[in-house]
Each structure stands twice: as structure tokens, then as C-alpha cells.
$ cat input_35.csv   # CSV, C-alpha atoms
chain,number,residue,atom,x,y,z
A,1,MET,CA,0.0,0.0,0.0
A,2,ALA,CA,1.2,3.5,-0.9
A,3,ARG,CA,2.4,5.6,2.1
A,4,ASP,CA,0.0,8.4,1.0
A,5,GLU,CA,-2.9,6.1,1.1
A,6,HIS,CA,-2.0,4.9,4.5
A,7,PHE,CA,-1.9,8.5,5.9
A,8,ILE,CA,-5.3,9.3,4.2
A,9,LEU,CA,-6.9,6.2,5.9
A,10,ARG,CA,-5.2,7.0,9.2
A,11,GLU,CA,-6.7,10.5,9.2
A,12,ASN,CA,-10.1,8.8,9.2
A,13,ILE,CA,-9.5,6.8,12.4
A,14,PRO,CA,-10.8,9.5,14.9
A,15,ALA,CA,-14.1,9.8,12.9
A,16,TYR,CA,-14.3,6.0,12.7
A,17,ALA,CA,-13.9,5.7,16.5
A,18,LEU,CA,-16.8,8.2,16.9
A,19,GLY,CA,-19.0,6.3,14.4
A,20,ALA,CA,-19.0,9.4,12.2
A,21,LEU,CA,-17.2,8.1,9.2
A,22,ASP,CA,-19.2,7.8,6.0
A,23,ALA,CA,-19.9,4.3,4.6
A,24,GLU,CA,-17.4,4.2,1.8
A,25,ASP,CA,-14.6,5.4,4.0
A,26,VAL,CA,-15.6,2.8,6.6
A,27,ARG,CA,-15.2,0.0,4.1
A,28,ALA,CA,-11.8,1.3,3.0
A,29,LEU,CA,-10.5,1.7,6.6
A,30,GLU,CA,-11.8,-1.7,7.7
A,31,ALA,CA,-10.0,-3.3,4.8
A,32,HIS,CA,-6.8,-1.6,5.8
A,33,LEU,CA,-6.9,-2.2,9.6
A,34,PRO,CA,-6.1,-5.9,9.6
A,35,THR,CA,-2.9,-5.1,7.7
A,36,CYS,CA,-1.6,-2.2,9.7
A,37,GLU,CA,-0.7,-2.5,13.3
A,38,SER,CA,0.0,1.2,13.9
A,39,CYS,CA,-3.5,2.1,12.7
A,40,ARG,CA,-5.0,-0.6,15.0
A,41,THR,CA,-3.1,0.9,17.9
A,42,GLU,CA,-4.3,4.4,17.1
A,43,LEU,CA,-7.8,3.2,16.8
A,44,ALA,CA,-7.6,1.6,20.2
A,45,ASP,CA,-6.6,5.0,21.7
A,46,TYR,CA,-9.5,6.8,20.0
A,47,ARG,CA,-11.9,4.0,21.0
A,48,ALA,CA,-11.0,4.6,24.6
A,49,ILE,CA,-11.9,8.3,24.1
A,50,SER,CA,-15.2,7.6,22.4
A,51,ASP,CA,-16.1,4.9,25.0
A,52,ASN,CA,-15.4,7.3,27.9
A,53,LEU,CA,-17.4,10.1,26.3
A,54,LEU,CA,-20.4,8.0,27.4
A,55,THR,CA,-19.4,8.7,31.0
A,56,ALA,CA,-18.1,12.2,30.6
A,57,LEU,CA,-21.4,13.8,31.5
A,58,PRO,CA,-22.5,14.8,35.0
A,59,PRO,CA,-25.1,12.4,36.3
A,60,ARG,CA,-28.7,13.6,36.3
A,61,GLN,CA,-31.6,12.1,38.2
A,62,PRO,CA,-34.8,11.4,36.4
A,63,ALA,CA,-38.3,11.8,38.0
A,64,PRO,CA,-38.9,9.2,40.8
A,65,ALA,CA,-41.9,7.9,38.8
A,66,LEU,CA,-39.6,6.4,36.2
A,67,ARG,CA,-38.4,3.9,38.7
A,68,LYS,CA,-42.0,2.7,39.4
A,69,ARG,CA,-42.8,2.7,35.7
A,70,LEU,CA,-39.8,0.5,35.0
A,71,GLN,CA,-40.6,-1.8,37.9
A,72,SER,CA,-44.1,-2.3,36.5
A,73,ARG,CA,-42.7,-3.4,33.2
A,74,LEU,CA,-40.0,-5.8,34.4
A,75,PRO,CA,-41.0,-9.5,34.4
A,76,SER,CA,-39.8,-9.9,38.0
A,77,ALA,CA,-42.1,-7.1,39.1
A,78,ARG,CA,-45.2,-8.8,37.9
A,79,PRO,CA,-47.1,-11.0,40.3
A,80,ALA,CA,-45.4,-14.3,40.5
A,81,GLN,CA,-47.5,-17.0,38.9
A,82,LYS,CA,-47.6,-20.3,40.6
A,83,PRO,CA,-45.8,-22.8,38.5
A,84,ALA,CA,-48.4,-24.9,36.7
A,85,GLN,CA,-48.7,-28.3,38.3
A,86,PRO,CA,-48.3,-31.1,35.9
A,87,ARG,CA,-51.8,-32.3,35.4
A,88,PHE,CA,-52.8,-35.4,33.6
A,89,VAL,CA,-55.2,-34.6,30.7
A,90,TRP,CA,-56.9,-37.3,28.8
A,91,SER,CA,-56.5,-36.9,25.1
A,92,PHE,CA,-56.9,-39.1,22.0
A,93,SER,CA,-53.1,-39.4,21.6
A,94,ARG,CA,-52.6,-40.4,25.2
A,95,LEU,CA,-55.4,-43.0,25.0
A,96,ALA,CA,-53.9,-44.3,21.8
A,97,VAL,CA,-50.5,-44.6,23.4
A,98,GLY,CA,-52.0,-46.3,26.5
A,99,ALA,CA,-54.0,-48.8,24.3
A,100,ALA,CA,-50.9,-49.5,22.3
A,101,LEU,CA,-48.9,-50.2,25.5
A,102,LEU,CA,-51.7,-52.5,26.8
A,103,LEU,CA,-51.9,-54.4,23.5
A,104,LEU,CA,-48.1,-54.8,23.5
A,105,PHE,CA,-48.2,-56.1,27.0
A,106,VAL,CA,-51.0,-58.7,26.2
A,107,MET,CA,-49.2,-59.7,23.0
A,108,ASN,CA,-46.0,-60.2,25.1
A,109,LEU,CA,-47.9,-62.4,27.5
A,110,LEU,CA,-49.4,-64.5,24.7
A,111,SER,CA,-46.1,-64.8,23.0
A,112,PHE,CA,-44.6,-65.9,26.3
A,113,ALA,CA,-47.3,-68.5,26.8
A,114,GLN,CA,-46.9,-69.8,23.2
A,115,VAL,CA,-43.1,-70.1,23.7
A,116,ARG,CA,-43.7,-72.1,26.9
A,117,GLU,CA,-46.2,-74.3,25.1
A,118,LEU,CA,-43.9,-74.9,22.2
A,119,GLN,CA,-41.0,-75.7,24.6
A,120,ARG,CA,-43.3,-78.2,26.4
A,121,GLN,CA,-44.3,-79.8,23.1
A,122,GLN,CA,-40.7,-80.0,22.0
A,123,VAL,CA,-39.8,-81.8,25.2
A,124,ASP,CA,-42.7,-84.2,24.7
A,125,VAL,CA,-41.7,-84.9,21.1
A,126,GLN,CA,-38.1,-85.4,22.1
A,127,ARG,CA,-39.2,-87.8,24.9
A,128,GLN,CA,-41.5,-89.7,22.6
A,129,LEU,CA,-38.7,-90.0,20.0
A,130,GLN,CA,-36.4,-91.4,22.6
A,131,ASN,CA,-39.0,-93.9,23.7
A,132,ASN,CA,-39.6,-95.0,20.1
A,133,GLN,CA,-35.9,-95.4,19.5
A,134,ALA,CA,-35.6,-97.5,22.7
A,135,ALA,CA,-38.5,-99.7,21.6
A,136,LEU,CA,-37.0,-100.1,18.1
A,137,ALA,CA,-33.7,-101.0,19.6
A,138,MET,CA,-35.3,-103.6,21.9
A,139,LEU,CA,-37.2,-105.0,19.0
A,140,SER,CA,-34.0,-105.5,17.0
A,141,TYR,CA,-32.3,-107.4,19.9
A,142,PRO,CA,-32.6,-111.2,19.3
A,143,GLY,CA,-33.3,-111.9,23.0
A,144,THR,CA,-36.2,-109.5,23.3
A,145,GLN,CA,-39.6,-111.1,24.0
A,146,ALA,CA,-42.7,-109.5,22.4
A,147,LEU,CA,-45.7,-110.2,24.6
A,148,PRO,CA,-49.1,-109.2,23.1
A,149,ILE,CA,-51.4,-106.8,25.0
A,150,GLU,CA,-54.9,-108.2,24.9
A,151,ALA,CA,-57.6,-106.0,26.2
A,152,ALA,CA,-60.9,-104.6,25.0
A,153,ASN,CA,-60.2,-102.0,22.2
A,154,ILE,CA,-56.5,-101.9,23.2
A,155,SER,CA,-53.8,-103.7,21.4
A,156,GLY,CA,-50.1,-103.6,21.5
A,157,THR,CA,-46.9,-105.2,22.7
A,158,VAL,CA,-44.8,-105.5,25.9
A,159,LEU,CA,-41.2,-105.8,24.9
A,160,LEU,CA,-39.2,-107.6,27.6
A,161,ASP,CA,-35.4,-107.8,27.5
A,162,ARG,CA,-34.3,-109.9,30.4
A,163,ASP,CA,-30.6,-109.6,29.4
A,164,ARG,CA,-30.6,-105.8,29.7
A,165,ASN,CA,-33.3,-105.7,32.4
A,166,SER,CA,-35.5,-103.5,30.4
A,167,VAL,CA,-39.2,-103.4,29.5
A,168,ALA,CA,-41.1,-101.2,27.0
A,169,LEU,CA,-44.8,-100.8,26.2
A,170,VAL,CA,-46.2,-100.1,22.8
A,171,ALA,CA,-49.9,-99.6,23.3
A,172,TRP,CA,-52.5,-98.7,20.6
A,173,ASN,CA,-55.8,-96.9,21.3
A,174,LEU,CA,-55.4,-96.1,24.9
A,175,PRO,CA,-58.5,-94.3,26.1
A,176,GLU,CA,-58.3,-90.6,26.7
A,177,LEU,CA,-57.7,-89.4,30.2
A,178,ALA,CA,-60.0,-87.1,32.2
A,179,GLU,CA,-58.6,-84.0,33.8
A,180,GLU,CA,-56.1,-84.7,36.5
A,181,GLN,CA,-55.6,-88.3,35.6
A,182,ILE,CA,-52.5,-90.2,34.4
A,183,TYR,CA,-51.6,-93.8,33.4
A,184,GLN,CA,-49.5,-95.6,36.0
A,185,ILE,CA,-47.4,-98.8,35.3
A,186,TRP,CA,-47.1,-101.5,37.8
A,187,LEU,CA,-44.8,-104.5,38.0
A,188,ILE,CA,-46.2,-107.5,39.8
A,189,ASP,CA,-43.8,-109.7,41.7
A,190,ALA,CA,-44.0,-113.4,42.4
A,191,ASN,CA,-45.9,-112.8,45.6
A,192,GLY,CA,-48.5,-110.7,43.8
A,193,LYS,CA,-47.3,-107.4,45.2
A,194,TRP,CA,-47.8,-104.4,42.9
A,195,ILE,CA,-44.8,-102.1,42.6
A,196,GLY,CA,-45.1,-98.7,40.8
A,197,ALA,CA,-42.8,-98.5,37.7
A,198,GLY,CA,-43.6,-95.1,36.1
A,199,LEU,CA,-46.3,-92.7,35.0
A,200,PHE,CA,-47.2,-91.6,31.5
A,201,TYR,CA,-49.7,-89.7,29.4
A,202,PRO,CA,-50.8,-91.1,26.0
A,203,GLN,CA,-48.8,-89.7,23.1
A,204,ALA,CA,-50.6,-86.6,21.7
A,205,ASP,CA,-51.9,-86.8,18.1
A,206,LEU,CA,-50.8,-90.4,17.6
A,207,PRO,CA,-52.9,-93.6,17.9
A,208,TYR,CA,-50.1,-95.4,19.8
A,209,THR,CA,-47.9,-94.7,22.8
A,210,THR,CA,-44.4,-96.0,23.4
A,211,GLN,CA,-43.3,-96.0,27.0
A,212,PRO,CA,-40.1,-97.4,28.6
A,213,VAL,CA,-40.3,-99.1,32.0
A,214,PHE,CA,-37.5,-99.0,34.5
A,215,PRO,CA,-37.7,-101.8,37.0
A,216,SER,CA,-36.3,-101.1,40.5
A,217,GLN,CA,-35.0,-104.7,40.6
A,218,ASN,CA,-34.3,-107.6,38.2
A,219,ILE,CA,-37.1,-108.0,35.8
A,220,SER,CA,-36.9,-111.7,36.2
A,221,SER,CA,-38.2,-111.3,39.7
A,222,PHE,CA,-41.5,-110.0,38.3
A,223,ALA,CA,-44.4,-112.1,37.0
A,224,GLY,CA,-46.3,-109.5,35.0
A,225,ILE,CA,-47.0,-105.9,34.2
A,226,CYS,CA,-50.2,-103.9,34.5
A,227,VAL,CA,-51.4,-100.3,33.6
A,228,THR,CA,-54.1,-98.5,35.6
A,229,ILE,CA,-55.6,-95.0,35.5
A,230,GLU,CA,-54.6,-93.0,38.6
A,231,PRO,CA,-55.0,-89.5,39.9
A,232,GLU,CA,-52.3,-87.1,38.6
A,233,GLY,CA,-49.1,-87.7,40.6
A,234,GLY,CA,-49.6,-91.4,40.8
A,235,SER,CA,-50.7,-93.7,43.7
A,236,GLU,CA,-49.0,-95.9,46.3
A,237,ARG,CA,-51.1,-98.8,45.2
A,238,PRO,CA,-53.6,-99.2,42.4
A,239,THR,CA,-56.8,-97.4,42.9
A,240,GLY,CA,-58.2,-96.8,39.4
A,241,PRO,CA,-59.5,-99.0,36.6
A,242,ARG,CA,-57.1,-101.5,35.1
A,243,ILE,CA,-56.4,-100.9,31.4
A,244,PHE,CA,-54.5,-104.1,30.6
A,245,ARG,CA,-52.3,-106.7,32.2
A,246,VAL,CA,-49.6,-108.9,30.6
A,247,ASP,CA,-48.0,-111.8,32.4
A,248,PHE,CA,-44.4,-112.6,31.6
B,1,MET,CA,-30.0,-2.1,42.9
B,2,LEU,CA,-28.6,-1.8,39.4
B,3,TYR,CA,-31.1,0.9,38.5
B,4,ASP,CA,-30.3,3.1,41.5
B,5,ARG,CA,-26.6,2.7,40.9
B,6,HIS,CA,-26.5,3.7,37.2
B,7,VAL,CA,-29.7,5.5,36.3
B,8,GLY,CA,-28.1,8.9,36.9
B,9,ARG,CA,-25.5,8.3,34.2
B,10,VAL,CA,-28.0,6.7,31.8
B,11,TYR,CA,-30.5,9.5,32.1
B,12,ALA,CA,-27.7,12.1,31.8
B,13,LEU,CA,-26.7,10.6,28.5
B,14,THR,CA,-30.2,10.2,27.1
B,15,LEU,CA,-31.1,13.7,28.2
B,16,HIS,CA,-27.9,15.1,26.6
B,17,ILE,CA,-28.7,13.4,23.3
B,18,LEU,CA,-32.5,14.1,23.3
B,19,SER,CA,-32.6,17.4,25.1
B,20,ASN,CA,-36.1,16.5,26.3
B,21,PRO,CA,-36.8,15.1,29.8
B,22,MET,CA,-39.8,13.1,28.8
B,23,LEU,CA,-38.1,11.5,25.8
B,24,ALA,CA,-35.0,11.0,27.8
B,25,GLU,CA,-37.0,9.1,30.5
B,26,GLU,CA,-38.6,6.9,27.9
B,27,ALA,CA,-35.2,6.2,26.4
B,28,THR,CA,-33.8,5.5,29.8
B,29,GLN,CA,-36.6,3.1,30.6
B,30,ASP,CA,-36.1,1.3,27.2
B,31,ALA,CA,-32.4,1.1,27.8
B,32,PHE,CA,-33.0,-0.7,31.2
B,33,LEU,CA,-35.6,-3.0,29.6
B,34,LYS,CA,-33.1,-3.9,26.9
B,35,LEU,CA,-30.5,-4.5,29.6
B,36,TRP,CA,-32.8,-6.9,31.4
B,37,SER,CA,-33.6,-8.8,28.2
B,38,ARG,CA,-30.0,-8.9,27.0
B,39,ALA,CA,-28.2,-9.4,30.4
B,40,ARG,CA,-27.0,-12.9,29.4
B,41,LEU,CA,-25.1,-11.4,26.4
B,42,TYR,CA,-22.8,-9.3,28.6
B,43,LEU,CA,-19.2,-10.4,28.4
B,44,SER,CA,-17.0,-8.9,31.1
B,45,GLU,CA,-13.9,-9.4,29.1
B,46,ARG,CA,-15.2,-6.9,26.5
B,47,GLY,CA,-15.3,-4.0,28.9
B,48,PRO,CA,-16.9,-2.6,32.0
B,49,PHE,CA,-20.6,-3.2,32.6
B,50,LEU,CA,-21.3,0.5,32.9
B,51,LEU,CA,-19.9,1.2,29.4
B,52,TRP,CA,-22.0,-1.7,28.0
B,53,LEU,CA,-25.1,-0.2,29.6
B,54,LEU,CA,-24.3,3.3,28.3
B,55,THR,CA,-23.7,2.0,24.8
B,56,ILE,CA,-27.2,0.5,24.9
B,57,ALA,CA,-28.6,3.8,26.2
B,58,ARG,CA,-26.8,5.8,23.5
B,59,ARG,CA,-28.1,3.7,20.7
B,60,THR,CA,-31.6,3.7,22.2
B,61,ALA,CA,-31.6,7.5,22.5
B,62,LEU,CA,-30.1,8.0,18.9
B,63,ASP,CA,-32.8,5.7,17.5
B,64,ARG,CA,-35.4,7.7,19.3
B,65,LEU,CA,-33.8,10.9,18.0
B,66,ARG,CA,-34.1,9.7,14.4
B,67,LEU,CA,-37.7,8.5,15.1
B,68,GLU,CA,-38.7,11.9,16.3
B,69,GLY,CA,-37.0,13.5,13.3
B,70,ARG,CA,-35.8,16.3,15.6
B,71,ARG,CA,-33.3,18.8,14.3
B,72,PRO,CA,-30.0,18.7,16.0
B,73,MET,CA,-29.2,21.2,18.7
B,74,LEU,CA,-26.8,23.8,17.1
B,75,SER,CA,-26.6,26.3,19.9
B,76,ASP,CA,-23.8,26.1,22.4
B,77,SER,CA,-26.0,26.9,25.3
B,78,LYS,CA,-25.5,24.7,28.3
B,79,ASP,CA,-27.9,23.3,30.9
B,80,PRO,CA,-26.5,24.7,34.2
B,81,GLU,CA,-27.2,21.3,35.9
B,82,ASP,CA,-25.2,19.6,33.1
B,83,SER,CA,-21.8,20.5,34.6
B,84,TRP,CA,-19.2,19.4,37.0
B,85,ASP,CA,-17.2,21.9,39.1
B,86,ILE,CA,-14.2,19.9,40.3
B,87,ILE,CA,-12.1,16.9,39.4
B,88,PRO,CA,-11.9,14.5,42.4
B,89,ASP,CA,-8.7,13.0,43.6
B,90,LEU,CA,-7.3,10.6,41.0
B,91,ASP,CA,-6.0,8.2,43.7
B,92,THR,CA,-9.3,7.8,45.6
B,93,VAL,CA,-11.8,7.7,42.7
B,94,PRO,CA,-9.7,7.1,39.6
B,95,GLU,CA,-12.5,6.3,37.2
B,96,GLU,CA,-14.6,9.3,38.3
B,97,SER,CA,-11.6,11.5,38.1
B,98,ARG,CA,-10.8,10.4,34.5
B,99,TRP,CA,-14.4,10.9,33.4
B,100,ARG,CA,-14.5,14.4,34.8
B,101,SER,CA,-11.1,15.1,33.2
B,102,LEU,CA,-12.5,14.1,29.8
B,103,TYR,CA,-15.6,16.2,30.4
B,104,PHE,CA,-13.4,19.2,31.1
B,105,ALA,CA,-11.3,18.4,28.1
B,106,VAL,CA,-14.4,18.5,25.9
B,107,GLN,CA,-15.4,21.7,27.5
B,108,SER,CA,-12.0,23.2,26.8
B,109,LEU,CA,-12.3,22.5,23.0
B,110,GLN,CA,-12.8,25.4,20.7
B,111,PRO,CA,-16.6,25.9,20.2
B,112,ASP,CA,-16.6,24.7,16.6
B,113,HIS,CA,-14.5,21.7,17.5
B,114,ARG,CA,-16.8,20.8,20.4
B,115,GLN,CA,-19.8,21.2,18.2
B,116,VAL,CA,-18.5,18.7,15.7
B,117,ILE,CA,-17.9,16.2,18.6
B,118,GLU,CA,-21.4,16.9,19.9
B,119,LEU,CA,-23.0,16.3,16.5
B,120,ALA,CA,-20.9,13.2,15.7
B,121,TYR,CA,-21.1,11.4,19.0
B,122,TYR,CA,-24.2,12.7,20.8
B,123,GLN,CA,-26.3,13.3,17.7
B,124,GLY,CA,-25.1,10.2,15.7
B,125,MET,CA,-24.3,12.2,12.6
B,126,SER,CA,-21.8,11.3,9.9
B,127,GLN,CA,-19.2,13.8,8.8
B,128,ARG,CA,-21.1,14.4,5.6
B,129,GLU,CA,-24.4,15.1,7.5
B,130,ILE,CA,-22.5,17.5,9.8
B,131,ALA,CA,-21.2,19.3,6.8
B,132,GLU,CA,-24.7,19.6,5.4
B,133,VAL,CA,-26.2,20.8,8.7
B,134,LEU,CA,-23.5,23.3,9.4
B,135,SER,CA,-23.1,24.3,5.8
B,136,TRP,CA,-19.4,23.7,6.1
B,137,PRO,CA,-17.2,22.0,3.5
B,138,LEU,CA,-16.7,18.3,4.2
B,139,GLY,CA,-13.0,18.8,4.5
B,140,THR,CA,-13.5,21.4,7.2
B,141,VAL,CA,-15.6,19.0,9.2
B,142,LYS,CA,-13.0,16.3,8.9
B,143,THR,CA,-10.2,18.6,9.9
B,144,ARG,CA,-12.1,20.0,12.9
B,145,LEU,CA,-13.2,16.6,14.0
B,146,ARG,CA,-9.8,15.1,13.8
B,147,ALA,CA,-8.3,18.1,15.6
B,148,ALA,CA,-10.9,17.8,18.4
B,149,MET,CA,-10.2,14.1,18.8
B,150,GLU,CA,-6.4,14.7,18.9
B,151,HIS,CA,-6.9,17.2,21.6
B,152,LEU,CA,-9.0,14.9,23.7
B,153,ARG,CA,-6.5,12.1,23.1
B,154,GLU,CA,-3.7,14.3,24.4
B,155,LYS,CA,-5.7,15.3,27.4
B,156,TRP,CA,-6.8,11.7,28.1
B,157,TYR,CA,-3.3,10.2,27.9
B,158,GLU,CA,-1.3,13.0,29.5
B,159,GLU,CA,-2.5,12.0,33.0

$ encode --input "input_35.csv" --output "C-alpha cells"
Amino acid sequence: MARDEHFILRENIPAYALGALDAEDVRALEAHLPTCESCRTELADYRAISDNLLTALPPRQPAPALRKRLQSRLPSARPAQKPAQPRFVWSFSRLAVGAALLLLFVMNLLSFAQVRELQRQQVDVQRQLQNNQAALAMLSYPGTQALPIEAANISGTVLLDRDRNSVALVAWNLPELAEEQIYQIWLIDANGKWIGAGLFYPQADLPYTTQPVFPSQNISSFAGICVTIEPEGGSERPTGPRIFRVDF
Amino acid sequence: MLYDRHVGRVYALTLHILSNPMLAEEATQDAFLKLWSRARLYLSERGPFLLWLLTIARRTALDRLRLEGRRPMLSDSKDPEDSWDIIPDLDTVPEESRWRSLYFAVQSLQPDHRQVIELAYYQGMSQREIAEVLSWPLGTVKTRLRAAMEHLREKWYEE
């Protein structure tokens, strides 16, 4: 920048500090200031003058009424309003949200029940599959005896494997149980004593039921097997109707 | 209270600019209302609080002056209440002392120089407007304004 131009701009600094510089001169000076430290220093000096011209007047007191007028217009002077208490207001949107939450809760409950039911069914199927596999394995063993079940409307087989001390029932057309009833298996020893050997429900959705039996002692000590209907949880001794009996 | 502490200076400034007690009171009231609404914008690192308040008051009064379309005061007559008699001790009340010194420096300016300062700062006029109002050449206004400010600068920094 030419030295002359610098001095011309510098002469405008006092007017700029007072806010009296015309617009085109303001633009020129403001473009120059960032590049010139001596001009910035001079401007700071003149700014101090213009700032303090604000206070270079003897204080004067306005009419006392001004204070009251001002107080009446200030937010803090207005009567304090009690903060509004949060109040529940029924509205369509709130009802909709409530209903949606309730529906979600019910659906969750139903889903939970369905999951539990599916888990229970899975356990039943798995158990039945194991029973069927055990029966098949017993059938394939050469020493297994297949004793026919002969009862009204019920047919089937008692598989008896004396070598492995195991027994299995394959029964067709077992009658449906009433509420709180279960089938109980009994093994009958040589003295005619009935010993409980397991509980089972008929296999759901299938015409036959396969049920392994686990004797508490050597199967050879028993003379026969019997199935009765008992209250849920089983009985100490047979109390219900006999479904079938097979002698070994 | 903030009002009681500063209203004397705010009103003095608005009255000096507007030369009308009723308008000056309204401008003072507006300045304090703006202060309340903008208080959170005050940054102490940018200067003393009083200067910030008085800057608000000056702008408010100048806006009101333009709104009223009043002609600028051209006479050099002075309100007898609008004066200080003495400069207090610089060591005990340094700020007050410096403000009064500046006041006396302004009063010591040549009348035509003081008039330029009055019109520029307290009437919010540009140099070109001053030239028109006073029917002076623009160059004369610039020269006198610069000379007046240089004089004030010398007085301000000589202490």
C-alpha cells in the first residue's frame, strides 16, 4: 500500500472511532486495519476516548416515577405466577399410546405362553422320539420277547429284554384321560405285590404310545406288568381302573 | 440495585442526546428493559458493565432521536445542571476522576470543534451530515473533528 494512502486512511480513524465516518470510508478503513498495526493501535486509543465520552457527563436524576414505571414493566415485578402443576389430561393421543402399550403387554404375555407351550411340546416330542428309538432298539435285539397286549379295544406289545433288564410298552388306542388323571405302570412280583414302575400320558396326536419301563430290581423277579388310571401324581397302590395286564 | 446505581448516568446521557426530559426518561426506561432482556449477552472481558449499559442507552436514544426527526441542537448553550465543578482525587476515585477530566477536556475544546464532537457522537451524525447541517465544507468538518479528537487524546493520555 502506498504511504500516502496509509496516511489518508489513518486520518479517518478518529471519525471511525466516533462512528461518524461515511460508509465508503468505513469500508476502505476496515479493509486496511487488519494489515496495519500502527492504525490498530491508534484506533484503540481513540476508541478509549469515544467509550469514555459516554461517562463524561455529570449524572442527572430522572423523575422518581420512572423507577416505578420501569418496575411495573419488568418481568420480575409482575405477580409471581404459581408454576403450573403437571396435570394429567386425557387426550386421544394419550389414550392411543395407552392402548398400544396395553396391547403390547397382552401380546407379550401371549407370546410368552406360546413359547412355553412350544417348549413343552418340544420336550414331549423329544421324549417320545427317545421312547420310540428305545422300543425299536429292543425289537432289534434277538433276546427280546414281544408279549401281546390283549384288552378290549386296546392292542399292542410289551417288549421284555431280560438280558438288559428293560421293558417297554407299545400300546394302541389307549383311552383318553380325564382332567387330573394319568396312566401308572405296575410291575407285579412273584408274591402278587404291585410295585409302581412309572407314569405316562398317551402320546398326543398319535394312535399309539411307546413307554419305557425302568424296573427297580431284576425284571426276572416279576411275574407280570399292569397299567391303571390313577390321579395325577400317581398312587402308592392301584386305585383306578385296570387298562390291561400282561403276564411274563 | 442496578437501576439506582446507574440511572443517573444513563439519564444524563439520554437527556444530553435528546434534550427533552420526557423523551430521555422513555429512552432510559427502554435502555434498562433492553439491559434486562440482554443481560446474558454481557461479556465482562469486552469491557466494564457501565460502558455496555451506556452504549445500549446511547443507541436507544439515537434511535429515538431519528424516530422523532428532531433537528440537531446547534446552539452552544449549556444546561447549568449539566456540569461538574471539580475533578476529584485521581488516587481515591480514579474512574470518576478520569471521566471528569474528559468532560473538562471536551469543555476546553474550541466551540466549533466541540460542536463537531457533539453532532458526531451525541447526535449520531456522519461527517457528511454534519457538513450539510452546518453548511461547512466536508474537508473542514473532517479537519475539525480530527483536531478535536487529537486534543481529547492528548488530554486523556497525559495523565

$ closest_residue --input "input_35.csv" --among "B:Arg9, B:Arg114, B:Arg38, B:Lys155" --to "chain A" --atoms "all atoms listed in the file"
B:Arg9

$ interface_residues --input "input_35.csv" --of "chain B" --to "chain A" --cutoff "7 Å" --atoms "all atoms listed in the file" --output "ChimeraX atom specification"
/B:8-9,11-13,25,29,51,54,82-84,99-100,102-103,120-121,125-128,145-146,149,153

$ atom_distance --input "input_35.csv" --atom1 "CA of Ala44 in chain A" --atom2 "CA of Leu9 in chain A"
15.0 Å

$ atom_distance --input "input_35.csv" --atom1 "CA of Pro231 in chain A" --atom2 "CA of Phe112 in chain A"
29.2 Å

$ residues_near_point --input "input_35.csv" --point "(-44.9, -104.6, 36.7)" --cutoff "10 Å" --atoms "all atoms listed in the file" --output "list in words"
Val167, Ile185, Trp186, Leu187, Ile188, Asp189, Lys193, Trp194, Ile195, Gly196, Ala197, Gly198, Val213, Phe214, Pro215, Ile219, Ser221, Phe222, Ala223, Gly224, Ile225, Cys226, Val227, Arg245, Val246, Asp247 and Phe248 of chain A

$ residues_around --input "input_35.csv" --residues "Ile243 in chain A" --least-positions-apart "6" --cutoff "12 Å" --atoms "all atoms listed in the file" --output "PDB file with C-alpha atoms, keeping the file's coordinate frame"
ATOM      1  CA  ILE A 149     -51.400-106.800  25.000  1.00  0.00           C
ATOM      2  CA  GLU A 150     -54.900-108.200  24.900  1.00  0.00           C
ATOM      3  CA  ALA A 151     -57.600-106.000  26.200  1.00  0.00           C
ATOM      4  CA  ALA A 152     -60.900-104.600  25.000  1.00  0.00           C
ATOM      5  CA  ASN A 153     -60.200-102.000  22.200  1.00  0.00           C
ATOM      6  CA  ILE A 154     -56.500-101.900  23.200  1.00  0.00           C
ATOM      7  CA  SER A 155     -53.800-103.700  21.400  1.00  0.00           C
ATOM      8  CA  ALA A 171     -49.900 -99.600  23.300  1.00  0.00           C
ATOM      9  CA  TRP A 172     -52.500 -98.700  20.600  1.00  0.00           C
ATOM     10  CA  ASN A 173     -55.800 -96.900  21.300  1.00  0.00           C
ATOM     11  CA  LEU A 174     -55.400 -96.100  24.900  1.00  0.00           C
ATOM     12  CA  PRO A 175     -58.500 -94.300  26.100  1.00  0.00           C
ATOM     13  CA  GLU A 176     -58.300 -90.600  26.700  1.00  0.00           C
ATOM     14  CA  LEU A 177     -57.700 -89.400  30.200  1.00  0.00           C
ATOM     15  CA  ILE A 182     -52.500 -90.200  34.400  1.00  0.00           C
ATOM     16  CA  TYR A 183     -51.600 -93.800  33.400  1.00  0.00           C
ATOM     17  CA  GLN A 184     -49.500 -95.600  36.000  1.00  0.00           C
ATOM     18  CA  ILE A 185     -47.400 -98.800  35.300  1.00  0.00           C
ATOM     19  CA  TRP A 186     -47.100-101.500  37.800  1.00  0.00           C
ATOM     20  CA  ILE A 225     -47.000-105.900  34.200  1.00  0.00           C
ATOM     21  CA  CYS A 226     -50.200-103.900  34.500  1.00  0.00           C
ATOM     22  CA  VAL A 227     -51.400-100.300  33.600  1.00  0.00           C
ATOM     23  CA  THR A 228     -54.100 -98.500  35.600  1.00  0.00           C
ATOM     24  CA  ILE A 229     -55.600 -95.000  35.500  1.00  0.00           C
ATOM     25  CA  GLU A 230     -54.600 -93.000  38.600  1.00  0.00           C
TER      26      GLU A 230
END

$ atom_distance --input "input_35.csv" --atom1 "CA of Gly143 in chain A" --atom2 "CA of Arg162 in chain A"
7.7 Å

$ closest_residue --input "input_35.csv" --among "B:Ala31, B:Arg98, B:Glu26, B:Asp63" --to "Tyr157 in chain B" --atoms "all atoms listed in the file"
B:Arg98

$ residues_near_point --input "input_35.csv" --point "(-31.5, -100.3, 24.8)" --cutoff "10 Å" --atoms "all atoms listed in the file" --output "list in words"
Asn131, Gln133, Ala134, Ala135, Leu136, Ala137, Met138, Leu139, Ser140, Tyr141, Asp161, Arg164, Asn165, Ser166, Val167, Ala168 and Pro212 of chain A

$ closest_residue --input "input_35.csv" --among "B:Ser37, B:Glu68, B:Asn20, B:Leu50" --to "His6 in chain B" --atoms "all atoms listed in the file"
B:Leu50

$ decode --input "input_35.csv" --residues "range 6-32 of chain B" --atoms "C-alpha atoms" --output "short mmCIF file (atom, residue, chain, number, x, y, z; two decimals), in the first residue's frame"
data_model
loop_
_atom_site.label_atom_id
_atom_site.label_comp_id
_atom_site.auth_asym_id
_atom_site.auth_seq_id
_atom_site.Cartn_x
_atom_site.Cartn_y
_atom_site.Cartn_z
CA HIS B 6 -26.54 3.65 37.18
CA VAL B 7 -29.71 5.54 36.31
CA GLY B 8 -28.06 8.93 36.90
CA ARG B 9 -25.51 8.32 34.16
CA VAL B 10 -27.99 6.67 31.79
CA TYR B 11 -30.46 9.51 32.14
CA ALA B 12 -27.71 12.13 31.81
CA LEU B 13 -26.65 10.56 28.51
CA THR B 14 -30.17 10.18 27.08
CA LEU B 15 -31.07 13.72 28.17
CA HIS B 16 -27.88 15.07 26.61
CA ILE B 17 -28.75 13.36 23.32
CA LEU B 18 -32.49 14.07 23.25
CA SER B 19 -32.61 17.40 25.13
CA ASN B 20 -36.12 16.53 26.28
CA PRO B 21 -36.78 15.11 29.79
CA MET B 22 -39.84 13.10 28.76
CA LEU B 23 -38.12 11.50 25.77
CA ALA B 24 -34.99 10.99 27.84
CA GLU B 25 -36.97 9.14 30.53
CA GLU B 26 -38.58 6.92 27.93
CA ALA B 27 -35.19 6.17 26.37
CA THR B 28 -33.77 5.47 29.84
CA GLN B 29 -36.62 3.08 30.57
CA ASP B 30 -36.15 1.35 27.21
CA ALA B 31 -32.42 1.05 27.82
CA PHE B 32 -32.97 -0.70 31.17
#
